[in-house]
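Data from work-v4.csv: CSV, C-alpha atoms
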```csv
chain,number,residue,atom,x,y,z
A,1,MET,CA,139.8,18.5,143.9
A,2,THR,CA,143.1,17.8,142.2
A,3,ALA,CA,144.7,20.2,139.7
A,4,ALA,CA,144.0,17.8,136.9
A,5,ARG,CA,140.3,17.7,137.7
A,6,VAL,CA,140.1,21.5,137.9
A,7,PHE,CA,141.8,21.8,134.5
A,8,GLU,CA,139.4,19.2,133.0
A,9,SER,CA,136.4,21.0,134.5
A,10,VAL,CA,137.5,24.4,133.2
A,11,ARG,CA,138.2,22.9,129.7
A,12,SER,CA,134.8,21.1,129.6
A,13,GLN,CA,133.0,24.3,130.6
A,14,SER,CA,134.9,26.3,128.0
A,15,LEU,CA,134.1,23.8,125.3
A,16,ARG,CA,130.4,23.9,126.3
A,17,SER,CA,130.4,27.7,126.1
A,18,ILE,CA,132.0,27.7,122.7
A,19,ALA,CA,129.5,25.1,121.5
A,20,ARG,CA,126.6,27.2,122.8
A,21,ASP,CA,128.1,30.3,121.0
A,22,VAL,CA,128.3,28.4,117.8
A,23,ALA,CA,124.8,27.2,118.1
A,24,TRP,CA,123.5,30.7,118.6
A,25,LEU,CA,125.6,32.2,115.8
A,26,LEU,CA,124.5,29.5,113.3
A,27,ILE,CA,121.1,31.1,112.9
A,28,PRO,CA,122.2,34.6,111.9
A,29,ALA,CA,124.9,33.0,109.7
A,30,ALA,CA,122.3,31.0,107.8
A,31,CYS,CA,120.2,34.1,107.4
A,32,LEU,CA,123.2,36.1,106.1
A,33,VAL,CA,123.9,33.3,103.6
A,34,ALA,CA,120.3,33.7,102.3
A,35,VAL,CA,120.8,37.4,102.0
A,36,MET,CA,124.0,37.1,100.2
A,37,VAL,CA,122.5,34.5,97.8
A,38,GLY,CA,119.6,36.9,97.1
A,39,LEU,CA,122.0,39.7,96.4
A,40,GLY,CA,124.0,37.4,94.2
A,41,HIS,CA,121.0,36.6,92.0
A,42,LEU,CA,120.2,40.3,91.8
A,43,VAL,CA,123.8,41.2,90.7
A,44,THR,CA,124.2,38.3,88.3
A,45,GLU,CA,120.8,38.1,86.7
A,46,MET,CA,119.0,41.5,87.0
A,47,LEU,CA,121.8,44.1,87.3
A,48,PRO,CA,123.8,43.4,84.0
A,49,SER,CA,121.2,45.0,81.7
A,50,THR,CA,120.9,48.2,83.8
A,51,ALA,CA,123.1,51.3,83.8
A,52,ILE,CA,124.7,50.2,87.1
A,53,GLY,CA,125.4,46.8,85.6
A,54,LYS,CA,127.1,48.3,82.6
A,55,TRP,CA,129.2,50.6,84.9
A,56,ASP,CA,130.1,47.6,87.0
A,57,ALA,CA,131.4,45.7,84.0
A,58,GLU,CA,133.2,48.7,82.6
A,59,VAL,CA,135.2,49.7,85.7
A,60,PRO,CA,137.7,46.8,85.6
A,61,ARG,CA,138.3,47.4,81.9
A,62,ARG,CA,138.9,51.1,82.4
A,63,LEU,CA,141.3,50.4,85.2
A,64,VAL,CA,143.5,48.2,82.9
A,65,GLU,CA,144.2,51.3,80.9
A,66,TYR,CA,145.5,53.2,83.9
A,67,ARG,CA,147.7,50.5,85.4
A,68,GLN,CA,151.2,51.7,86.0
A,69,GLN,CA,154.1,49.3,86.5
A,70,GLU,CA,155.3,51.1,89.6
A,71,GLY,CA,151.8,50.8,91.2
A,72,VAL,CA,151.5,47.1,90.8
A,73,SER,CA,153.8,46.2,93.7
A,74,GLU,CA,151.9,48.6,95.9
A,75,SER,CA,148.5,47.1,95.0
A,76,LYS,CA,150.0,43.6,95.6
A,77,LEU,CA,151.2,44.7,99.1
A,78,ILE,CA,147.7,46.1,99.9
A,79,THR,CA,145.8,43.0,98.7
A,80,SER,CA,148.3,40.7,100.7
A,81,LEU,CA,147.0,42.3,103.9
A,82,SER,CA,143.8,40.2,103.4
A,83,GLU,CA,145.1,37.0,101.7
A,84,THR,CA,144.1,33.8,103.4
A,85,PRO,CA,147.6,32.9,104.9
A,86,THR,CA,147.9,36.5,106.2
A,87,ILE,CA,144.5,36.5,107.9
A,88,VAL,CA,145.0,33.1,109.4
A,89,ALA,CA,148.4,34.1,110.8
A,90,LEU,CA,147.1,37.4,112.1
A,91,THR,CA,144.0,35.8,113.7
A,92,ALA,CA,146.1,33.3,115.5
A,93,LEU,CA,148.5,36.0,116.7
A,94,ALA,CA,145.7,38.3,117.8
A,95,ALA,CA,143.9,35.5,119.7
A,96,ALA,CA,147.1,34.6,121.5
A,97,VAL,CA,148.0,38.2,122.4
A,98,PHE,CA,144.5,39.0,123.6
A,99,ARG,CA,144.4,35.8,125.7
A,100,TRP,CA,147.7,36.8,127.3
A,101,LYS,CA,146.8,40.5,127.8
A,102,PHE,CA,143.3,40.1,129.3
A,103,GLY,CA,143.6,36.6,130.9
A,104,ARG,CA,140.3,35.5,129.3
A,105,TRP,CA,139.1,34.2,125.9
A,106,ARG,CA,136.4,36.8,125.3
A,107,GLU,CA,138.4,39.2,123.0
A,108,SER,CA,140.1,36.3,121.3
A,109,LEU,CA,136.8,34.6,120.5
A,110,VAL,CA,135.5,37.9,119.0
A,111,VAL,CA,138.3,37.8,116.4
A,112,ILE,CA,138.0,34.0,115.8
A,113,TYR,CA,134.2,34.1,115.5
A,114,ALA,CA,134.3,37.1,113.1
A,115,VAL,CA,136.9,35.5,110.8
A,116,VAL,CA,135.8,31.9,110.9
A,117,GLY,CA,132.1,32.9,110.5
A,118,GLU,CA,132.8,35.2,107.6
A,119,THR,CA,134.8,32.6,105.8
A,120,SER,CA,132.0,30.0,106.2
A,121,ILE,CA,129.4,32.4,105.0
A,122,PHE,CA,131.6,33.5,102.1
A,123,MET,CA,132.3,29.9,101.0
A,124,ALA,CA,128.6,28.9,101.3
A,125,THR,CA,127.7,31.9,99.1
A,126,THR,CA,130.3,31.1,96.4
A,127,LEU,CA,128.9,27.5,96.2
A,128,LEU,CA,125.5,28.9,95.3
A,129,ILE,CA,126.5,31.9,93.2
A,130,ASP,CA,128.8,31.3,90.3
A,131,ARG,CA,130.0,34.6,88.9
A,132,PRO,CA,132.9,34.6,86.5
A,133,ARG,CA,135.7,37.1,87.3
A,134,PRO,CA,136.1,40.2,85.1
A,135,ASN,CA,137.3,39.4,81.6
A,136,VAL,CA,140.5,41.5,81.8
A,137,PRO,CA,144.2,40.7,82.3
A,138,LYS,CA,144.6,39.7,86.0
A,139,LEU,CA,147.6,40.6,88.2
A,140,ASP,CA,146.9,37.6,90.6
A,141,ALA,CA,146.3,33.9,90.2
A,142,ALA,CA,142.5,33.5,90.2
A,143,PRO,CA,141.2,31.2,93.0
A,144,PRO,CA,138.6,28.6,92.1
A,145,THR,CA,135.9,30.5,94.0
A,146,SER,CA,133.2,32.7,92.5
A,147,SER,CA,134.0,36.4,91.9
A,148,PHE,CA,130.9,37.2,94.1
A,149,PRO,CA,131.4,38.4,96.7
A,150,SER,CA,134.9,39.6,97.5
A,151,GLY,CA,136.3,37.4,100.2
A,152,HIS,CA,139.3,39.6,100.7
A,153,THR,CA,137.2,42.6,101.4
A,154,ALA,CA,134.8,40.7,103.8
A,155,ALA,CA,137.8,39.1,105.7
A,156,ALA,CA,139.4,42.5,106.0
A,157,VAL,CA,136.3,44.1,107.4
A,158,CYS,CA,135.9,41.3,110.0
A,159,PHE,CA,139.5,41.0,111.1
A,160,TYR,CA,140.6,44.7,111.2
A,161,GLY,CA,137.1,45.8,112.4
A,162,ALA,CA,137.3,43.3,115.3
A,163,ILE,CA,140.7,44.7,116.2
A,164,ALA,CA,139.4,48.2,116.2
A,165,ALA,CA,136.4,47.2,118.3
A,166,ILE,CA,138.6,45.6,120.9
A,167,ILE,CA,140.8,48.6,121.1
A,168,ILE,CA,137.8,50.9,121.6
A,169,TRP,CA,136.5,48.6,124.4
A,170,HIS,CA,139.8,48.9,126.3
A,171,THR,CA,140.9,52.5,126.0
A,172,ARG,CA,139.6,55.7,127.5
A,173,HIS,CA,141.4,58.0,125.1
A,174,ARG,CA,139.2,59.4,122.3
A,175,TRP,CA,142.1,60.0,120.0
A,176,ILE,CA,143.1,56.3,120.1
A,177,LYS,CA,139.6,55.3,119.3
A,178,VAL,CA,139.5,57.7,116.3
A,179,VAL,CA,142.8,56.4,115.0
A,180,ALA,CA,141.7,52.8,115.4
A,181,VAL,CA,138.5,53.4,113.5
A,182,VAL,CA,140.2,55.4,110.7
A,183,VAL,CA,143.0,52.9,110.2
A,184,CYS,CA,140.9,49.8,110.4
A,185,ALA,CA,138.3,51.3,108.1
A,186,ALA,CA,140.9,52.4,105.6
A,187,VAL,CA,142.5,49.0,105.3
A,188,PRO,CA,139.4,47.2,103.9
A,189,LEU,CA,138.6,50.1,101.6
A,190,THR,CA,142.1,50.1,100.0
A,191,ILE,CA,142.0,46.3,99.8
A,192,GLY,CA,138.7,46.4,98.0
A,193,GLY,CA,140.0,49.0,95.6
A,194,SER,CA,143.1,46.9,94.9
A,195,ARG,CA,141.1,43.8,94.1
A,196,VAL,CA,139.2,45.7,91.4
A,197,TYR,CA,142.4,47.4,90.2
A,198,ARG,CA,144.1,44.0,89.9
A,199,GLY,CA,141.3,42.6,87.8
A,200,MET,CA,140.0,40.1,90.4
A,201,HIS,CA,136.6,41.5,91.1
A,202,TYR,CA,133.8,43.8,89.9
A,203,PRO,CA,133.0,46.8,92.1
A,204,THR,CA,129.7,45.1,93.2
A,205,ASP,CA,131.7,42.1,94.4
A,206,VAL,CA,133.7,44.4,96.7
A,207,LEU,CA,130.6,46.4,97.9
A,208,VAL,CA,128.7,43.2,98.8
A,209,GLY,CA,131.9,41.7,100.4
A,210,GLY,CA,132.1,44.8,102.6
A,211,LEU,CA,128.4,44.5,103.5
A,212,LEU,CA,128.9,40.8,104.4
A,213,GLY,CA,131.8,41.6,106.6
A,214,ALA,CA,130.1,44.6,108.3
A,215,ILE,CA,126.9,42.7,109.0
A,216,TRP,CA,128.6,39.6,110.4
A,217,LEU,CA,131.1,41.6,112.5
A,218,THR,CA,128.1,43.5,114.0
A,219,VAL,CA,126.4,40.2,114.8
A,220,VAL,CA,129.4,38.9,116.6
A,221,LEU,CA,130.1,42.1,118.5
A,222,VAL,CA,126.5,42.4,119.6
A,223,TYR,CA,126.3,38.8,120.7
A,224,VAL,CA,129.5,38.9,122.7
A,225,ARG,CA,128.7,42.3,124.3
A,226,THR,CA,125.2,41.1,125.4
A,227,HIS,CA,126.2,37.6,126.4
A,228,ASP,CA,126.2,36.6,130.1
A,229,ALA,CA,129.9,36.1,130.8
A,230,GLY,CA,130.9,33.3,133.1
A,231,GLY,CA,127.2,32.9,134.2
A,232,ARG,CA,127.2,36.4,135.8
A,233,ARG,CA,125.3,39.2,134.1
A,234,ASP,CA,127.8,41.8,135.4
A,235,ALA,CA,130.9,39.8,134.6
A,236,ALA,CA,131.4,41.3,131.1
A,237,VAL,CA,130.8,44.8,132.3
A,238,ASP,CA,133.2,44.4,135.2
A,239,ALA,CA,135.9,43.0,133.0
A,240,ASP,CA,135.6,45.9,130.6
A,241,ARG,CA,136.9,48.2,133.3
A,242,ARG,CA,140.4,46.9,132.5
A,243,VAL,CA,141.9,49.1,129.9
A,244,VAL,CA,144.8,48.7,127.5
A,245,ILE,CA,146.0,52.3,127.7
A,246,ARG,CA,145.3,54.5,130.7
```
For the file at hand, write its structure as structure tokens.
Amino acid sequence: MTAARVFESVRSQSLRSIARDVAWLLIPAACLVAVMVGLGHLVTEMLPSTAIGKWDAEVPRRLVEYRQQEGVSESKLITSLSETPTIVALTALAAAVFRWKFGRWRESLVVIYAVVGETSIFMATTLLIDRPRPNVPKLDAAPPTSSFPSGHTAAAVCFYGAIAAIIIWHTRHRWIKVVAVVVCAAVPLTIGGSRVYRGMHYPTDVLVGGLLGAIWLTVVLVYVRTHDAGGRRDAAVDADRRVVIR
């Protein structure tokens, strides 16, 4: 068999594998959209008249009073860690680095599936739930999407959480695992806080955005970890014996 035919065969097999993955992941993605829409109706129709709803509306207004000029640039830097151009660039970079490091697409696809899936679920939700953004002065240009849920928070959970999971898979050092979890958990939390601080979201938007990201990332990680790699049931386990830091 010529090199060209080998390349074509490998590419065809890879495309079939990705198509199979997408087909499997579509079902939990659709279920998660339904959950998000249900929560959206709860937040926008039932919650406003409750004590929690009043607190939710009051927080962005109260934060306006505590805004300090020297803190604006810091909050902008934090929120930029999860802006669309940033996440797209970091996802492409992470996918390329992981493909080079491990010589396979498994880790790269974890990041890609997590980010692309989250974005699709988020966009579908915003098309069905139209929640106006807080009626306060905003420090960012408001995108045309609904305030519910926070896409910045969901994207941060999926991307930085995927990075943490891959680091944990490939290191034997407990302290590295702890640092990865702490850092990659702190980033979405600070991003969510900055989105409320900058007047772009209600706290419930951020909470549900974090929930969206956490559920979808878990789905992707469980699917990839339990999937038969390369047609062999032990392939994924064998490959995990390669570590990043010994």
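Rounded to one decimal, atom CA of Val208 of chain A and atom CA of Thr153 of chain A lie 8.9 Å from each other.
If you look at atom CA of Ile27 of chain A and atom CA of His201 of chain A, they are 28.7 Å away from each other.
For the set A:Thr204, A:Trp169, A:His152, A:Cys158, the residue with the smallest atom-to-atom gap to Cys184 of chain A is A:Cys158, counting all atoms listed in the file.
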At most 7 Å is the cut-off: for each residue in segment 76-179 of chain A with any atom that close to an atom of segment 40-58 of chain A, write down the nearest atom pair and the distance in Å rounded to one decimal, counting all atoms listed in the file, chain first then increasing number, as a tab-separated table.
```
residue	atom	partner	partner_atom	distance
A:Ile129	CA	A:Gly40	CA	6.1
A:Arg131	CA	A:Thr44	CA	6.9
A:Phe148	CA	A:Gly40	CA	6.9
```
From A:Trp175, A:Phe159, A:Asp130, A:Val222, residue lying nearest Ala89 of chain A [only C-alpha atoms]: A:Phe159
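Across the structure, atom CA of Tyr202 of chain A and atom CA of Tyr113 of chain A are spaced 27.4 Å apart.
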So which one's closest to Ser194 of chain A, A:Ser75, A:Ser146, A:Thr84, A:Thr226? Using all atoms listed in the file, please. A:Ser75
Residues near Phe98 of chain A, cut-off 10 Å, only C-alpha atoms, skip fewer than 5 positions along chain, as an MDAnalysis selection string: chainID A and resid 93 103:109 111 166
I need the residue nearest Ala155 of chain A from this list: A:Trp24, A:Tyr66, A:Trp100, A:Trp216. Use all atoms listed in the file for the distance. A:Trp216
Near Leu189 of chain A, within 12 Å and counting only C-alpha atoms, which residues show up once chain neighbours fewer than 5 positions away are dropped, as an mmCIF file with C-alpha atoms, in the coordinates of the input?
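Generated file (around.cif):
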```cif
data_model
loop_
_atom_site.group_PDB
_atom_site.id
_atom_site.type_symbol
_atom_site.label_atom_id
_atom_site.label_comp_id
_atom_site.auth_asym_id
_atom_site.auth_seq_id
_atom_site.Cartn_x
_atom_site.Cartn_y
_atom_site.Cartn_z
ATOM 1 C CA ILE A 78 147.700 46.100 99.900
ATOM 2 C CA THR A 79 145.800 43.000 98.700
ATOM 3 C CA LEU A 81 147.000 42.300 103.900
ATOM 4 C CA SER A 82 143.800 40.200 103.400
ATOM 5 C CA SER A 150 134.900 39.600 97.500
ATOM 6 C CA HIS A 152 139.300 39.600 100.700
ATOM 7 C CA THR A 153 137.200 42.600 101.400
ATOM 8 C CA ALA A 154 134.800 40.700 103.800
ATOM 9 C CA ALA A 155 137.800 39.100 105.700
ATOM 10 C CA ALA A 156 139.400 42.500 106.000
ATOM 11 C CA VAL A 157 136.300 44.100 107.400
ATOM 12 C CA TYR A 160 140.600 44.700 111.200
ATOM 13 C CA GLY A 161 137.100 45.800 112.400
ATOM 14 C CA VAL A 182 140.200 55.400 110.700
ATOM 15 C CA VAL A 183 143.000 52.900 110.200
ATOM 16 C CA CYS A 184 140.900 49.800 110.400
ATOM 17 C CA SER A 194 143.100 46.900 94.900
ATOM 18 C CA ARG A 195 141.100 43.800 94.100
ATOM 19 C CA VAL A 196 139.200 45.700 91.400
ATOM 20 C CA PRO A 203 133.000 46.800 92.100
ATOM 21 C CA VAL A 206 133.700 44.400 96.700
ATOM 22 C CA LEU A 207 130.600 46.400 97.900
ATOM 23 C CA GLY A 209 131.900 41.700 100.400
ATOM 24 C CA GLY A 210 132.100 44.800 102.600
ATOM 25 C CA LEU A 211 128.400 44.500 103.500
ATOM 26 C CA GLY A 213 131.800 41.600 106.600
#
```
Of A:Ile18, A:Leu77, A:Ala124, A:Leu25, the one sitting nearest Val187 of chain A when using only C-alpha atoms is A:Leu77
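Closest to Val59 of chain A among A:Met200, A:Val224, A:Ala34, A:Ile215 is A:Met200, based on all atoms listed in the file.
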Could N, CA and C atoms be built for segment 34-54 of chain A and written out as a PDB file, keeping the file's coordinate frame?
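Below is the file that was written, part.pdb:
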```
ATOM      1  N   ALA A  34     121.541  33.467 103.173  1.00  0.00           N
ATOM      2  CA  ALA A  34     120.300  33.700 102.300  1.00  0.00           C
ATOM      3  C   ALA A  34     120.327  35.069 101.741  1.00  0.00           C
ATOM      4  N   VAL A  35     120.703  36.063 102.540  1.00  0.00           N
ATOM      5  CA  VAL A  35     120.800  37.400 102.000  1.00  0.00           C
ATOM      6  C   VAL A  35     121.795  37.576 100.935  1.00  0.00           C
ATOM      7  N   MET A  36     122.981  36.974 101.145  1.00  0.00           N
ATOM      8  CA  MET A  36     124.000  37.100 100.200  1.00  0.00           C
ATOM      9  C   MET A  36     123.651  36.355  98.849  1.00  0.00           C
ATOM     10  N   VAL A  37     122.988  35.228  98.962  1.00  0.00           N
ATOM     11  CA  VAL A  37     122.500  34.500  97.800  1.00  0.00           C
ATOM     12  C   VAL A  37     121.506  35.346  97.011  1.00  0.00           C
ATOM     13  N   GLY A  38     120.602  35.977  97.761  1.00  0.00           N
ATOM     14  CA  GLY A  38     119.600  36.900  97.100  1.00  0.00           C
ATOM     15  C   GLY A  38     120.283  38.006  96.390  1.00  0.00           C
ATOM     16  N   LEU A  39     121.260  38.631  97.029  1.00  0.00           N
ATOM     17  CA  LEU A  39     122.000  39.700  96.400  1.00  0.00           C
ATOM     18  C   LEU A  39     122.786  39.190  95.183  1.00  0.00           C
ATOM     19  N   GLY A  40     123.297  37.972  95.306  1.00  0.00           N
ATOM     20  CA  GLY A  40     124.000  37.400  94.200  1.00  0.00           C
ATOM     21  C   GLY A  40     123.187  37.198  92.973  1.00  0.00           C
ATOM     22  N   HIS A  41     121.959  36.723  93.157  1.00  0.00           N
ATOM     23  CA  HIS A  41     121.000  36.600  92.000  1.00  0.00           C
ATOM     24  C   HIS A  41     120.690  37.941  91.426  1.00  0.00           C
ATOM     25  N   LEU A  42     120.539  38.936  92.286  1.00  0.00           N
ATOM     26  CA  LEU A  42     120.200  40.300  91.800  1.00  0.00           C
ATOM     27  C   LEU A  42     121.385  40.820  90.949  1.00  0.00           C
ATOM     28  N   VAL A  43     122.614  40.641  91.438  1.00  0.00           N
ATOM     29  CA  VAL A  43     123.800  41.200  90.700  1.00  0.00           C
ATOM     30  C   VAL A  43     124.053  40.427  89.437  1.00  0.00           C
ATOM     31  N   THR A  44     123.873  39.125  89.446  1.00  0.00           N
ATOM     32  CA  THR A  44     124.200  38.300  88.300  1.00  0.00           C
ATOM     33  C   THR A  44     123.130  38.198  87.231  1.00  0.00           C
ATOM     34  N   GLU A  45     121.869  38.354  87.634  1.00  0.00           N
ATOM     35  CA  GLU A  45     120.800  38.100  86.700  1.00  0.00           C
ATOM     36  C   GLU A  45     119.992  39.380  86.329  1.00  0.00           C
ATOM     37  N   MET A  46     119.834  40.303  87.268  1.00  0.00           N
ATOM     38  CA  MET A  46     119.000  41.500  87.000  1.00  0.00           C
ATOM     39  C   MET A  46     119.846  42.731  86.719  1.00  0.00           C
ATOM     40  N   LEU A  47     121.001  42.834  87.355  1.00  0.00           N
ATOM     41  CA  LEU A  47     121.800  44.100  87.300  1.00  0.00           C
ATOM     42  C   LEU A  47     122.499  44.257  85.913  1.00  0.00           C
ATOM     43  N   PRO A  48     122.985  43.196  85.233  1.00  0.00           N
ATOM     44  CA  PRO A  48     123.800  43.400  84.000  1.00  0.00           C
ATOM     45  C   PRO A  48     123.160  44.270  82.957  1.00  0.00           C
ATOM     46  N   SER A  49     121.858  44.234  82.807  1.00  0.00           N
ATOM     47  CA  SER A  49     121.200  45.000  81.700  1.00  0.00           C
ATOM     48  C   SER A  49     120.914  46.434  82.128  1.00  0.00           C
ATOM     49  N   THR A  50     121.186  46.807  83.371  1.00  0.00           N
ATOM     50  CA  THR A  50     120.900  48.200  83.800  1.00  0.00           C
ATOM     51  C   THR A  50     122.160  49.039  83.679  1.00  0.00           C
ATOM     52  N   ALA A  51     121.982  50.336  83.912  1.00  0.00           N
ATOM     53  CA  ALA A  51     123.100  51.300  83.800  1.00  0.00           C
ATOM     54  C   ALA A  51     124.158  50.945  84.876  1.00  0.00           C
ATOM     55  N   ILE A  52     123.708  50.536  86.054  1.00  0.00           N
ATOM     56  CA  ILE A  52     124.700  50.200  87.100  1.00  0.00           C
ATOM     57  C   ILE A  52     125.447  48.938  86.701  1.00  0.00           C
ATOM     58  N   GLY A  53     124.771  47.985  86.093  1.00  0.00           N
ATOM     59  CA  GLY A  53     125.400  46.800  85.600  1.00  0.00           C
ATOM     60  C   GLY A  53     126.488  47.048  84.590  1.00  0.00           C
ATOM     61  N   LYS A  54     126.171  47.934  83.673  1.00  0.00           N
ATOM     62  CA  LYS A  54     127.100  48.300  82.600  1.00  0.00           C
ATOM     63  C   LYS A  54     128.335  49.023  83.222  1.00  0.00           C
TER      64      LYS A  54
END
```
